[in-house]
$ cat my_file-v4.pdb   # PDB, C-alpha atoms and all ligand atoms
ATOM      1  CA  MET Z   1     115.908  89.513  91.869  1.00  0.00           C
ATOM      2  CA  THR Z   2     113.289  91.561  93.728  1.00  0.00           C
ATOM      3  CA  ARG Z   3     114.599  94.931  94.974  1.00  0.00           C
ATOM      4  CA  LYS Z   4     113.112  95.696  98.353  1.00  0.00           C
ATOM      5  CA  ASN Z   5     113.066  99.371  99.214  1.00  0.00           C
ATOM      6  CA  SER Z   6     113.536 100.474 102.832  1.00  0.00           C
ATOM      7  CA  ASP Z   7     110.162 102.304 102.784  1.00  0.00           C
ATOM      8  CA  ILE Z   8     108.428  99.012 102.021  1.00  0.00           C
ATOM      9  CA  ASP Z   9     107.108  96.883 104.842  1.00  0.00           C
ATOM     10  CA  ARG Z  10     106.360  93.818 102.739  1.00  0.00           C
ATOM     11  CA  VAL Z  11     105.776  92.605  99.223  1.00  0.00           C
ATOM     12  CA  LEU Z  12     102.056  92.007  98.765  1.00  0.00           C
ATOM     13  CA  ILE Z  13     102.070  90.764  95.163  1.00  0.00           C
ATOM     14  CA  ASP Z  14     105.334  89.729  93.564  1.00  0.00           C
ATOM     15  CA  GLU Z  15     106.433  90.448  90.035  1.00  0.00           C
ATOM     16  CA  ALA Z  16     105.794  86.973  88.624  1.00  0.00           C
ATOM     17  CA  THR Z  17     102.277  86.873  90.078  1.00  0.00           C
ATOM     18  CA  ILE Z  18     101.460  90.284  88.586  1.00  0.00           C
ATOM     19  CA  GLN Z  19     102.806  89.304  85.169  1.00  0.00           C
ATOM     20  CA  GLN Z  20     100.844  86.051  85.181  1.00  0.00           C
ATOM     21  CA  ARG Z  21      97.601  87.836  86.100  1.00  0.00           C
ATOM     22  CA  VAL Z  22      98.119  90.598  83.518  1.00  0.00           C
ATOM     23  CA  CYS Z  23      98.602  87.890  80.912  1.00  0.00           C
ATOM     24  CA  GLU Z  24      95.316  86.247  81.969  1.00  0.00           C
ATOM     25  CA  LEU Z  25      93.477  89.580  81.866  1.00  0.00           C
ATOM     26  CA  ALA Z  26      94.839  90.331  78.384  1.00  0.00           C
ATOM     27  CA  HIS Z  27      93.692  86.914  77.224  1.00  0.00           C
ATOM     28  CA  GLN Z  28      90.203  87.483  78.633  1.00  0.00           C
ATOM     29  CA  VAL Z  29      89.949  90.978  77.102  1.00  0.00           C
ATOM     30  CA  SER Z  30      91.184  89.683  73.742  1.00  0.00           C
ATOM     31  CA  GLU Z  31      88.518  86.968  73.726  1.00  0.00           C
ATOM     32  CA  ASP Z  32      85.720  89.340  74.719  1.00  0.00           C
ATOM     33  CA  TYR Z  33      86.580  91.924  72.058  1.00  0.00           C
ATOM     34  CA  ALA Z  34      87.503  89.434  69.322  1.00  0.00           C
ATOM     35  CA  GLU Z  35      84.532  90.462  67.180  1.00  0.00           C
ATOM     36  CA  GLU Z  36      85.171  94.216  67.424  1.00  0.00           C
ATOM     37  CA  ASP Z  37      87.243  96.266  64.989  1.00  0.00           C
ATOM     38  CA  GLU Z  38      89.180  98.076  67.677  1.00  0.00           C
ATOM     39  CA  VAL Z  39      89.313  98.753  71.412  1.00  0.00           C
ATOM     40  CA  LEU Z  40      90.285 102.145  72.782  1.00  0.00           C
ATOM     41  CA  LEU Z  41      92.326 101.658  75.949  1.00  0.00           C
ATOM     42  CA  VAL Z  42      91.985 104.683  78.201  1.00  0.00           C
ATOM     43  CA  GLY Z  43      94.733 104.729  80.815  1.00  0.00           C
ATOM     44  CA  ILE Z  44      94.260 106.846  83.891  1.00  0.00           C
ATOM     45  CA  LEU Z  45      97.452 108.720  84.747  1.00  0.00           C
ATOM     46  CA  LYS Z  46      99.631 108.432  86.424  1.00  0.00           C
ATOM     47  CA  GLY Z  47      99.075 105.182  88.291  1.00  0.00           C
ATOM     48  CA  ALA Z  48      97.967 103.000  85.367  1.00  0.00           C
ATOM     49  CA  PHE Z  49     100.857 103.641  83.004  1.00  0.00           C
ATOM     50  CA  ILE Z  50     102.825 100.473  83.710  1.00  0.00           C
ATOM     51  CA  PHE Z  51      99.771  98.224  83.952  1.00  0.00           C
ATOM     52  CA  LEU Z  52      98.465  99.613  80.661  1.00  0.00           C
ATOM     53  CA  ALA Z  53     101.829  99.150  78.941  1.00  0.00           C
ATOM     54  CA  ASP Z  54     102.046  95.498  79.966  1.00  0.00           C
ATOM     55  CA  LEU Z  55      98.379  94.741  79.300  1.00  0.00           C
ATOM     56  CA  ALA Z  56      98.351  96.405  75.877  1.00  0.00           C
ATOM     57  CA  ARG Z  57     101.423  94.509  74.705  1.00  0.00           C
ATOM     58  CA  GLN Z  58      99.697  91.195  75.445  1.00  0.00           C
ATOM     59  CA  LEU Z  59      96.453  92.005  73.668  1.00  0.00           C
ATOM     60  CA  GLN Z  60      95.519  90.008  70.613  1.00  0.00           C
ATOM     61  CA  VAL Z  61      92.956  92.541  69.400  1.00  0.00           C
ATOM     62  CA  ARG Z  62      93.518  95.761  67.491  1.00  0.00           C
ATOM     63  CA  HIS Z  63      93.705  98.627  69.951  1.00  0.00           C
ATOM     64  CA  ALA Z  64      94.483 102.295  70.310  1.00  0.00           C
ATOM     65  CA  VAL Z  65      95.752 103.974  73.476  1.00  0.00           C
ATOM     66  CA  ASP Z  66      94.806 107.276  75.032  1.00  0.00           C
ATOM     67  CA  PHE Z  67      95.154 108.781  78.498  1.00  0.00           C
ATOM     68  CA  MET Z  68      93.299 110.935  80.985  1.00  0.00           C
ATOM     69  CA  ALA Z  69      94.633 112.545  84.122  1.00  0.00           C
ATOM     70  CA  LEU Z  70      92.422 113.373  87.067  1.00  0.00           C
ATOM     71  CA  SER Z  71      92.859 115.247  90.230  1.00  0.00           C
ATOM     72  CA  SER Z  72      90.907 114.475  93.340  1.00  0.00           C
ATOM     73  CA  TYR Z  73      90.363 116.460  96.458  1.00  0.00           C
ATOM     74  CA  GLY Z  74      89.897 115.064  99.895  1.00  0.00           C
ATOM     75  CA  LEU Z  75      91.970 111.893  99.945  1.00  0.00           C
ATOM     76  CA  SER Z  76      92.548 113.114 103.478  1.00  0.00           C
ATOM     77  CA  GLY Z  77      88.830 113.439 103.995  1.00  0.00           C
ATOM     78  CA  ALA Z  78      88.096 117.159 103.722  1.00  0.00           C
ATOM     79  CA  ALA Z  79      86.141 117.535 100.487  1.00  0.00           C
ATOM     80  CA  SER Z  80      85.788 113.890  99.668  1.00  0.00           C
ATOM     81  CA  GLY Z  81      84.473 113.004  96.243  1.00  0.00           C
ATOM     82  CA  ALA Z  82      85.370 116.004  94.110  1.00  0.00           C
ATOM     83  CA  VAL Z  83      87.137 114.662  91.034  1.00  0.00           C
ATOM     84  CA  ARG Z  84      88.118 116.789  88.057  1.00  0.00           C
ATOM     85  CA  ILE Z  85      89.794 116.200  84.725  1.00  0.00           C
ATOM     86  CA  ILE Z  86      93.210 117.804  84.403  1.00  0.00           C
ATOM     87  CA  MET Z  87      94.046 116.166  81.075  1.00  0.00           C
ATOM     88  CA  ASP Z  88      91.345 114.930  78.754  1.00  0.00           C
ATOM     89  CA  LEU Z  89      91.392 112.416  75.900  1.00  0.00           C
ATOM     90  CA  ARG Z  90      92.825 113.502  72.553  1.00  0.00           C
ATOM     91  CA  GLN Z  91      89.948 111.924  70.667  1.00  0.00           C
ATOM     92  CA  PRO Z  92      86.175 111.614  70.817  1.00  0.00           C
ATOM     93  CA  VAL Z  93      84.935 108.262  72.096  1.00  0.00           C
ATOM     94  CA  GLU Z  94      81.541 108.290  70.422  1.00  0.00           C
ATOM     95  CA  GLY Z  95      80.857 104.914  68.802  1.00  0.00           C
ATOM     96  CA  LYS Z  96      84.074 103.375  70.144  1.00  0.00           C
ATOM     97  CA  HIS Z  97      84.603 100.383  72.410  1.00  0.00           C
ATOM     98  CA  VAL Z  98      86.265 101.971  75.412  1.00  0.00           C
ATOM     99  CA  LEU Z  99      88.162 100.024  78.053  1.00  0.00           C
ATOM    100  CA  LEU Z 100      89.167 102.114  81.048  1.00  0.00           C
ATOM    101  CA  VAL Z 101      92.451 100.952  82.561  1.00  0.00           C
ATOM    102  CA  GLU Z 102      92.869 101.919  86.220  1.00  0.00           C
ATOM    103  CA  ASP Z 103      95.504 101.064  88.798  1.00  0.00           C
ATOM    104  CA  ILE Z 104      93.268 100.739  91.853  1.00  0.00           C
ATOM    105  CA  VAL Z 105      89.695 101.265  92.968  1.00  0.00           C
ATOM    106  CA  ASP Z 106      89.459 102.482  96.523  1.00  0.00           C
ATOM    107  CA  THR Z 107      86.296 104.461  97.416  1.00  0.00           C
ATOM    108  CA  GLY Z 108      85.084 104.037  93.829  1.00  0.00           C
ATOM    109  CA  LEU Z 109      84.518 107.775  93.390  1.00  0.00           C
ATOM    110  CA  THR Z 110      87.077 108.135  90.603  1.00  0.00           C
ATOM    111  CA  LEU Z 111      85.809 105.208  88.551  1.00  0.00           C
ATOM    112  CA  ASP Z 112      82.217 106.307  89.095  1.00  0.00           C
ATOM    113  CA  TYR Z 113      83.083 109.800  87.832  1.00  0.00           C
ATOM    114  CA  LEU Z 114      84.900 108.364  84.824  1.00  0.00           C
ATOM    115  CA  ASN Z 115      82.018 106.050  83.976  1.00  0.00           C
ATOM    116  CA  LYS Z 116      79.512 108.896  84.092  1.00  0.00           C
ATOM    117  CA  THR Z 117      81.744 111.283  82.148  1.00  0.00           C
ATOM    118  CA  LEU Z 118      82.607 108.845  79.385  1.00  0.00           C
ATOM    119  CA  GLU Z 119      79.122 107.338  79.180  1.00  0.00           C
ATOM    120  CA  SER Z 120      77.787 110.825  78.394  1.00  0.00           C
ATOM    121  CA  ARG Z 121      80.073 110.862  75.329  1.00  0.00           C
ATOM    122  CA  ARG Z 122      78.164 107.903  73.879  1.00  0.00           C
ATOM    123  CA  PRO Z 123      80.773 105.186  73.366  1.00  0.00           C
ATOM    124  CA  ALA Z 124      79.645 101.922  71.696  1.00  0.00           C
ATOM    125  CA  SER Z 125      80.592 100.198  74.960  1.00  0.00           C
ATOM    126  CA  LEU Z 126      82.362 101.099  78.171  1.00  0.00           C
ATOM    127  CA  ARG Z 127      84.106  98.651  80.499  1.00  0.00           C
ATOM    128  CA  SER Z 128      86.815  98.835  83.119  1.00  0.00           C
ATOM    129  CA  CYS Z 129      89.980  96.860  83.701  1.00  0.00           C
ATOM    130  CA  VAL Z 130      91.407  97.444  87.165  1.00  0.00           C
ATOM    131  CA  LEU Z 131      94.573  95.984  88.640  1.00  0.00           C
ATOM    132  CA  LEU Z 132      93.709  96.284  92.344  1.00  0.00           C
ATOM    133  CA  ASP Z 133      90.497  96.505  94.314  1.00  0.00           C
ATOM    134  CA  LYS Z 134      90.331  97.694  97.925  1.00  0.00           C
ATOM    135  CA  ALA Z 135      86.740  96.522  98.214  1.00  0.00           C
ATOM    136  CA  ALA Z 136      86.562  97.167 101.974  1.00  0.00           C
ATOM    137  CA  ARG Z 137      86.877 100.931 101.352  1.00  0.00           C
ATOM    138  CA  ARG Z 138      84.110 101.237  98.774  1.00  0.00           C
ATOM    139  CA  GLU Z 139      81.728 104.214  99.118  1.00  0.00           C
ATOM    140  CA  VAL Z 140      80.146 104.037  95.659  1.00  0.00           C
ATOM    141  CA  ASP Z 141      79.092 100.797  94.047  1.00  0.00           C
ATOM    142  CA  VAL Z 142      80.980 100.693  90.730  1.00  0.00           C
ATOM    143  CA  PRO Z 143      81.200  97.766  88.362  1.00  0.00           C
ATOM    144  CA  ILE Z 144      84.671  96.367  87.578  1.00  0.00           C
ATOM    145  CA  ASP Z 145      84.615  94.210  84.453  1.00  0.00           C
ATOM    146  CA  TYR Z 146      88.170  92.864  84.632  1.00  0.00           C
ATOM    147  CA  LEU Z 147      89.992  92.717  87.958  1.00  0.00           C
ATOM    148  CA  GLY Z 148      93.559  91.730  88.769  1.00  0.00           C
ATOM    149  CA  PHE Z 149      93.534  91.315  92.548  1.00  0.00           C
ATOM    150  CA  GLU Z 150      91.468  92.216  95.573  1.00  0.00           C
ATOM    151  CA  ILE Z 151      93.702  93.609  98.328  1.00  0.00           C
ATOM    152  CA  PRO Z 152      93.235  94.607 101.985  1.00  0.00           C
ATOM    153  CA  ASP Z 153      92.940  98.218 103.174  1.00  0.00           C
ATOM    154  CA  VAL Z 154      96.628  99.132 103.162  1.00  0.00           C
ATOM    155  CA  TRP Z 155      98.533 101.794 101.182  1.00  0.00           C
ATOM    156  CA  VAL Z 156     100.318 100.048  98.339  1.00  0.00           C
ATOM    157  CA  VAL Z 157     102.998 101.250  95.935  1.00  0.00           C
ATOM    158  CA  GLY Z 158     104.865  99.904  92.942  1.00  0.00           C
ATOM    159  CA  TYR Z 159     103.918  98.788  89.442  1.00  0.00           C
ATOM    160  CA  GLY Z 160     102.751 102.333  88.699  1.00  0.00           C
ATOM    161  CA  LEU Z 161     101.259 103.155  92.095  1.00  0.00           C
ATOM    162  CA  ASP Z 162     102.870 105.853  94.169  1.00  0.00           C
ATOM    163  CA  TYR Z 163     103.194 107.479  97.504  1.00  0.00           C
ATOM    164  CA  ALA Z 164     104.002 111.208  97.044  1.00  0.00           C
ATOM    165  CA  ASP Z 165     105.027 110.349  93.465  1.00  0.00           C
ATOM    166  CA  GLN Z 166     107.625 107.828  94.644  1.00  0.00           C
ATOM    167  CA  HIS Z 167     108.007 104.069  94.230  1.00  0.00           C
ATOM    168  CA  ARG Z 168     106.082 103.812  90.944  1.00  0.00           C
ATOM    169  CA  THR Z 169     108.768 101.761  89.241  1.00  0.00           C
ATOM    170  CA  LEU Z 170     109.069  98.967  91.781  1.00  0.00           C
ATOM    171  CA  PRO Z 171     108.311  95.754  89.870  1.00  0.00           C
ATOM    172  CA  TYR Z 172     106.061  94.399  92.647  1.00  0.00           C
ATOM    173  CA  ILE Z 173     103.128  95.723  94.695  1.00  0.00           C
ATOM    174  CA  GLY Z 174     104.420  96.528  98.149  1.00  0.00           C
ATOM    175  CA  VAL Z 175     102.885  97.752 101.370  1.00  0.00           C
ATOM    176  CA  LEU Z 176     104.357 101.026 102.587  1.00  0.00           C
ATOM    177  CA  ARG Z 177     105.741 101.090 106.128  1.00  0.00           C
ATOM    178  CA  ARG Z 178     103.212 102.695 108.438  1.00  0.00           C
ATOM    179  CA  GLU Z 179     105.679 105.330 109.692  1.00  0.00           C
ATOM    180  CA  VAL Z 180     106.189 106.594 106.135  1.00  0.00           C
ATOM    181  CA  VAL Z 181     102.540 107.330 105.380  1.00  0.00           C
ATOM    182  CA  SER Z 182     100.962 110.698 106.012  1.00  0.00           C
ATOM    183  CA  PHE Z 183      97.775 111.290 104.150  1.00  0.00           C
ATOM    184  CA  ASP Z 184      97.953 114.858 102.859  1.00  0.00           C
ATOM    185  CA  HIS Z 185      99.392 114.071  99.430  1.00  0.00           C
ATOM    186  CA  GLN Z 186      97.159 113.863  96.397  1.00  0.00           C
ATOM    187  CA  ASP Z 187      99.387 112.532  93.675  1.00  0.00           C
ATOM    188  CA  ARG Z 188      98.080 109.973  91.332  1.00  0.00           C
TER
HETATM  189  P1  LIG E 201      89.052 106.221  94.601  1.00  0.00           P
HETATM  190  O1  LIG E 201      88.436 107.354  93.850  1.00  0.00           O
HETATM  191  O2  LIG E 201      88.920 106.408  96.090  1.00  0.00           O
HETATM  192  O3  LIG E 201      88.562 104.863  94.160  1.00  0.00           O
HETATM  193  O4  LIG E 201      90.593 106.331  94.384  1.00  0.00           O
HETATM  194  C1  LIG E 201      91.260 105.844  93.327  1.00  0.00           C
HETATM  195  C2  LIG E 201      92.630 106.485  93.261  1.00  0.00           C
HETATM  196  O5  LIG E 201      93.234 106.680  94.544  1.00  0.00           O
HETATM  197  C3  LIG E 201      93.555 105.593  92.511  1.00  0.00           C
HETATM  198  O6  LIG E 201      93.515 105.822  91.128  1.00  0.00           O
HETATM  199  C4  LIG E 201      94.904 105.936  93.114  1.00  0.00           C
HETATM  200  O7  LIG E 201      95.449 107.039  92.443  1.00  0.00           O
HETATM  201  C5  LIG E 201      94.616 106.360  94.514  1.00  0.00           C
HETATM  202  N1  LIG E 201      94.877 105.293  95.487  1.00  0.00           N
HETATM  203  C6  LIG E 201      93.981 104.707  96.305  1.00  0.00           C
HETATM  204  N2  LIG E 201      94.577 103.783  97.080  1.00  0.00           N
HETATM  205  C7  LIG E 201      95.891 103.786  96.745  1.00  0.00           C
HETATM  206  C8  LIG E 201      97.038 103.033  97.203  1.00  0.00           C
HETATM  207  O8  LIG E 201      96.983 102.157  98.077  1.00  0.00           O
HETATM  208  N3  LIG E 201      98.217 103.341  96.612  1.00  0.00           N
HETATM  209  C9  LIG E 201      98.343 104.283  95.627  1.00  0.00           C
HETATM  210  N4  LIG E 201      97.306 104.990  95.172  1.00  0.00           N
HETATM  211  C10 LIG E 201      96.088 104.745  95.723  1.00  0.00           C
END
$ encode --input "my_file-v4.pdb" --output "structure tokens"
Amino acid sequence: MTRKNSDIDRVLIDEATIQQRVCELAHQVSEDYAEEDEVLLVGILKGAFIFLADLARQLQVRHAVDFMALSSYGLSGAASGAVRIIMDLRQPVEGKHVLLVEDIVDTGLTLDYLNKTLESRRPASLRSCVLLDKAARREVDVPIDYLGFEIPDVWVVGYGLDYADQHRTLPYIGVLRREVVSFDHQDR
């Protein structure tokens, strides 16, 4: 049964729909990397941890998992675009097939920064697998190789995504009630 939290206005994507789509994405990724020895899944903390866990367990290709954590300034607008690494990968990516796993692309600044940073480390290939895309908010044109769902410009939580570090473990993607949102937090 779907738990609906009182901070949630409505369920945007239910659990079964997410699971079905993650399964399709894993199938697509497995086919595309079938000829490679190994894929390095790079999960972006914290938001991607549940998506990555579900995706990875459905993959039919050999894979390793690593994580990065980023901090961004200016979600509330002040110094928009400054992204920095607060936890880097444990391993070099040179010569590896890297698949970035992200929860959501909003302005695109984070994914753009990650692409540039990891590309400079000379991986054999670099692609991205993103659960949600708020395309209407895009400021930087970034490629998304595997996409779960395009969503409207609303603040969503659940399935790894947070508001002020809350609601990450909801099994669905829900829209936060408007009264609950104030945009000075910067948690990922
Ligand atoms: P971007 O750099 O603007 O594309 O922002 C990407 C990051 O912003 C994501 O990794 C999330 O951490 C966060 N974010 C953007 N929109 C949402 C949302 O609706 N819910 C939760 N986090 C979000």
$ residues_around --input "my_file-v4.pdb" --residues "Z:Ile18" --least-positions-apart "2" --cutoff "12 Å" --atoms "only C-alpha atoms" --output "ChimeraX atom specification"
/Z:11-16,20-25,50-51,54-55,131-132,147-149,158-159,170-174
$ closest_residue --input "my_file-v4.pdb" --among "Z:Ile151, Z:Ala48, Z:Val130, Z:Val61" --to "Z:Val29" --atoms "all atoms listed in the file"
Z:Val61
$ axis_aligned_box --input "my_file-v4.pdb" --around "ligand LIG 201 (chain E)" --padding-each-side "4 Å" --output "AutoDock Vina command-line options"
--center_x 93.4 --center_y 104.8 --center_z 94.6 --size_x 17.9 --size_y 13.2 --size_z 14.9
$ closest_atom_pairs --input "my_file-v4.pdb" --of "stretch 44-94 of chain Z" --to "stretch 100-113 of chain Z" --cutoff "8 Å" --atoms "only C-alpha atoms" --output "tab-separated table"
residue	atom	partner	partner_atom	distance
Z:Ile44	CA	Z:Glu102	CA	5.6
Z:Gly47	CA	Z:Asp103	CA	5.5
Z:Ala48	CA	Z:Asp103	CA	4.6
Z:Phe51	CA	Z:Asp103	CA	7.1
Z:Leu52	CA	Z:Val101	CA	6.4
Z:Ser72	CA	Z:Thr110	CA	7.9
Z:Gly81	CA	Z:Leu109	CA	6.0
Z:Val83	CA	Z:Thr110	CA	6.5
$ write_last_selection --input "my_file-v4.pdb" --atoms "C-alpha atoms" --output "mmCIF file, in the frame of the given file"
data_model
loop_
_atom_site.group_PDB
_atom_site.id
_atom_site.type_symbol
_atom_site.label_atom_id
_atom_site.label_comp_id
_atom_site.auth_asym_id
_atom_site.auth_seq_id
_atom_site.Cartn_x
_atom_site.Cartn_y
_atom_site.Cartn_z
ATOM 1 C CA ILE Z 44 94.260 106.846 83.891
ATOM 2 C CA GLY Z 47 99.075 105.182 88.291
ATOM 3 C CA ALA Z 48 97.967 103.000 85.367
ATOM 4 C CA PHE Z 51 99.771 98.224 83.952
ATOM 5 C CA LEU Z 52 98.465 99.613 80.661
ATOM 6 C CA SER Z 72 90.907 114.475 93.340
ATOM 7 C CA GLY Z 81 84.473 113.004 96.243
ATOM 8 C CA VAL Z 83 87.137 114.662 91.034
#
$ closest_residue --input "my_file-v4.pdb" --among "Z:Arg121, Z:Arg177, Z:Arg137, Z:Arg90" --to "ligand LIG 201 (chain E)" --atoms "only C-alpha atoms and all ligand atoms"
Z:Arg137
$ closest_residue --input "my_file-v4.pdb" --among "Z:Gln91, Z:Asp145, Z:Leu59, Z:Asp133" --to "ligand LIG 201 (chain E)" --atoms "only C-alpha atoms and all ligand atoms"
Z:Asp133
